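Chemist: Before I ask anything, here is the structure I am working with.
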Amino acid sequence: MHDPFHGMILKRLNPRLDPHYFGNVILGATISASADDLLTRDLGWGAGLIHETVATWDDSTVRREIAAWEREPRMSLYGIAEGPTISMGSSPRFPIYEADFGWGRPLAVRSGRNNKCDGKVMVNPAREGDGGVVLEVTLASETMARLEADDELMQYVSIEKKEVVVEF
């Protein structure tokens, strides 16, 4: 199986991990922006911030973060943060739909009940494999009610089959 995501990880570390390595480490990067910047700039600006941060995570960054954790171990509780937070996980590059455990290709990928908090976004590739992505967004009831009450936002939203579809 060709795995472009795994190849990307291997290239970031020196020496590279064995191609048969099986395991994971989750390291979080923090990206901050003011509400004013997010409201006055376009979506590409925000995506650029994320891209710039991810691009800096090379071998030395990963090893520095692991060494810091070894000196001062800490646990992170999902959903506990100062101020409004969006937490992103998964990857649209991970070939999840190539996984077949004898039942055929998955029909859909969802994260289940784990790590749910207000503002959690999981990004997965679309099943069709056409470069599209599926966003699984978790919002608290209060947050969703405030969004639904925002007339400006709702002019870009349509509701189909009880799923919210945002159109840009």
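Note on naming: chains are A, B, ... as they come in the structure tokens, residues start from 1 per chain, ligands start from 1 in the order shown.
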Show me, as a PDB file with C-alpha atoms, in the first residue's frame, the residues that have an atom within 10 Å of A:Trp57 when counting only C-alpha atoms, minus same-chain residues fewer than 6 positions from it.

Modeler:
ATOM      1  CA  ARG A  12      10.809  14.736   8.899  1.00  0.00           C
ATOM      2  CA  LEU A  13      13.012  12.677  11.244  1.00  0.00           C
ATOM      3  CA  LEU A  27       2.585  16.491  19.636  1.00  0.00           C
ATOM      4  CA  ALA A  29       1.325  22.900  18.021  1.00  0.00           C
ATOM      5  CA  ARG A  63      13.203  16.035  19.352  1.00  0.00           C
ATOM      6  CA  GLU A  65       9.459  18.824  22.187  1.00  0.00           C
TER       7      GLU A  65
END

Chemist: As an exercise, work out the distance from atom CA of A:Leu49 to atom CA of A:Ser34 in Å and give it to one decimal place.

Modeler: 12.2 Å

Chemist: So how far away is atom CA of A:Ile31 from atom CA of A:Thr53, in Å?

Modeler: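 Between these atoms lies a distance of 7.3 Å.
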
Chemist: Counting only C-alpha atoms, give me one row per residue of stretch 127-147 of chain A with an atom at most 12 Å from an atom of stretch 91-114 of chain A, showing the shortest contact pair and its distance in Å to one decimal, sorted by chain then residue number, as a Markdown table.

Modeler:
| residue | atom | partner | partner_atom | distance |
| --- | --- | --- | --- | --- |
| A:Arg127 | CA | A:Tyr97 | CA | 6.4 |
| A:Glu128 | CA | A:Tyr97 | CA | 9.0 |
| A:Gly129 | CA | A:Tyr97 | CA | 8.4 |
| A:Asp130 | CA | A:Pro92 | CA | 11.2 |
| A:Gly131 | CA | A:Pro92 | CA | 8.3 |
| A:Gly132 | CA | A:Pro92 | CA | 8.3 |
| A:Val133 | CA | A:Pro92 | CA | 6.2 |
| A:Val134 | CA | A:Pro92 | CA | 8.2 |
| A:Leu135 | CA | A:Pro92 | CA | 9.5 |
| A:Glu136 | CA | A:Arg110 | CA | 7.2 |
| A:Val137 | CA | A:Ser111 | CA | 10.3 |
| A:Thr138 | CA | A:Arg113 | CA | 10.4 |

Chemist: Just give me the gap between atom CA of A:Ala55 and atom CA of A:Pro15 in Å, one decimal is fine.

Modeler: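 Distance between the two atoms: 18.4 Å.
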
Chemist: Please identify which residues in stretch 59-134 of chain A DSSP calls strand (DSSP E or B) from the backbone, and express them as a CSV table (one decimal) with N, CA, C and O atoms, in the first residue's frame.

Modeler:
chain,number,residue,atom,x,y,z
A,87,SER,N,-9.5,22.9,18.2
A,87,SER,CA,-8.5,21.9,18.2
A,87,SER,C,-8.7,21.0,17.0
A,87,SER,O,-9.8,20.5,16.7
A,88,MET,N,-7.7,20.8,16.2
A,88,MET,CA,-7.8,20.0,14.9
A,88,MET,C,-7.0,18.8,15.1
A,88,MET,O,-5.9,18.7,15.7
A,89,GLY,N,-7.5,17.7,14.5
A,89,GLY,CA,-6.8,16.4,14.5
A,89,GLY,C,-7.0,15.7,13.2
A,89,GLY,O,-7.7,16.1,12.4
A,120,LYS,N,-13.7,21.0,18.6
A,120,LYS,CA,-12.9,20.0,18.1
A,120,LYS,C,-13.2,19.7,16.6
A,120,LYS,O,-14.4,19.6,16.3
A,121,VAL,N,-12.2,19.7,15.8
A,121,VAL,CA,-12.4,19.5,14.3
A,121,VAL,C,-11.5,18.3,13.9
A,121,VAL,O,-10.3,18.4,14.1
A,122,MET,N,-12.1,17.3,13.3
A,122,MET,CA,-11.3,16.2,12.8
A,122,MET,C,-11.4,16.3,11.2
A,122,MET,O,-12.4,16.6,10.7
A,123,VAL,N,-10.2,16.2,10.6
A,123,VAL,CA,-10.1,16.4,9.2
A,123,VAL,C,-9.7,15.1,8.5
A,123,VAL,O,-8.7,14.5,8.8
A,124,ASN,N,-10.6,14.5,7.7
A,124,ASN,CA,-10.3,13.3,7.0
A,124,ASN,C,-10.5,13.4,5.5
A,124,ASN,O,-11.3,14.3,5.1
A,125,PRO,N,-9.9,12.6,4.7
A,125,PRO,CA,-10.1,12.6,3.3
A,125,PRO,C,-11.5,12.2,3.0
A,125,PRO,O,-12.1,11.4,3.7
A,133,VAL,N,-12.3,16.8,1.4
A,133,VAL,CA,-12.1,16.5,2.8
A,133,VAL,C,-13.5,16.6,3.5
A,133,VAL,O,-14.4,17.2,3.0
A,134,VAL,N,-13.5,15.8,4.6
A,134,VAL,CA,-14.7,15.8,5.4
A,134,VAL,C,-14.3,16.3,6.8
A,134,VAL,O,-13.3,15.9,7.3

Chemist: I'd like to know which residues of stretch 20-164 of chain A are alpha helix (DSSP H) (by DSSP, run on the backbone); could you write them as an MDAnalysis selection string?

Modeler: chainID A and resid 35:40 43:55 59:71 141:148 151:154

Chemist: Find the spatial neighbours of A:Leu147, counting only C-alpha atoms, within a cut-off of 12 Å - ignore same-chain residues fewer than 6 positions away - and output them as a PDB file with N, CA, C and O atoms, in the first residue's frame.

Modeler:
ATOM      1  N   LEU A 139     -19.375  20.740  18.484  1.00  0.00           N
ATOM      2  CA  LEU A 139     -19.699  22.016  19.125  1.00  0.00           C
ATOM      3  C   LEU A 139     -20.643  21.767  20.298  1.00  0.00           C
ATOM      4  O   LEU A 139     -21.538  20.927  20.219  1.00  0.00           O
ATOM      5  N   ALA A 140     -20.445  22.520  21.359  1.00  0.00           N
ATOM      6  CA  ALA A 140     -21.371  22.462  22.492  1.00  0.00           C
ATOM      7  C   ALA A 140     -22.715  23.026  22.046  1.00  0.00           C
ATOM      8  O   ALA A 140     -22.784  23.846  21.122  1.00  0.00           O
ATOM      9  N   SER A 141     -23.770  22.610  22.691  1.00  0.00           N
ATOM     10  CA  SER A 141     -25.119  23.086  22.336  1.00  0.00           C
ATOM     11  C   SER A 141     -25.205  24.598  22.365  1.00  0.00           C
ATOM     12  O   SER A 141     -25.806  25.215  21.481  1.00  0.00           O
ATOM     13  N   LEU A 153     -23.725  34.635   9.368  1.00  0.00           N
ATOM     14  CA  LEU A 153     -23.215  33.288   9.102  1.00  0.00           C
ATOM     15  C   LEU A 153     -24.267  32.430   8.395  1.00  0.00           C
ATOM     16  O   LEU A 153     -23.966  31.741   7.419  1.00  0.00           O
ATOM     17  N   MET A 154     -25.486  32.491   8.876  1.00  0.00           N
ATOM     18  CA  MET A 154     -26.527  31.603   8.361  1.00  0.00           C
ATOM     19  C   MET A 154     -26.883  31.875   6.904  1.00  0.00           C
ATOM     20  O   MET A 154     -27.460  31.013   6.238  1.00  0.00           O
ATOM     21  N   GLN A 155     -26.518  33.028   6.352  1.00  0.00           N
ATOM     22  CA  GLN A 155     -26.785  33.261   4.931  1.00  0.00           C
ATOM     23  C   GLN A 155     -25.898  32.370   4.050  1.00  0.00           C
ATOM     24  O   GLN A 155     -26.166  32.198   2.868  1.00  0.00           O
ATOM     25  N   TYR A 156     -24.833  31.782   4.633  1.00  0.00           N
ATOM     26  CA  TYR A 156     -23.943  30.893   3.887  1.00  0.00           C
ATOM     27  C   TYR A 156     -24.167  29.422   4.215  1.00  0.00           C
ATOM     28  O   TYR A 156     -23.427  28.558   3.754  1.00  0.00           O
ATOM     29  N   VAL A 157     -25.164  29.132   5.025  1.00  0.00           N
ATOM     30  CA  VAL A 157     -25.399  27.777   5.498  1.00  0.00           C
ATOM     31  C   VAL A 157     -26.731  27.262   4.980  1.00  0.00           C
ATOM     32  O   VAL A 157     -27.722  27.982   4.956  1.00  0.00           O
ATOM     33  N   VAL A 164     -25.458  20.040   8.700  1.00  0.00           N
ATOM     34  CA  VAL A 164     -25.201  21.422   8.334  1.00  0.00           C
ATOM     35  C   VAL A 164     -24.118  21.449   7.261  1.00  0.00           C
ATOM     36  O   VAL A 164     -23.074  20.842   7.402  1.00  0.00           O
ATOM     37  N   VAL A 166     -21.786  24.036   5.103  1.00  0.00           N
ATOM     38  CA  VAL A 166     -21.315  25.413   4.981  1.00  0.00           C
ATOM     39  C   VAL A 166     -20.737  25.594   3.600  1.00  0.00           C
ATOM     40  O   VAL A 166     -19.892  24.810   3.174  1.00  0.00           O
TER      41      VAL A 166
END
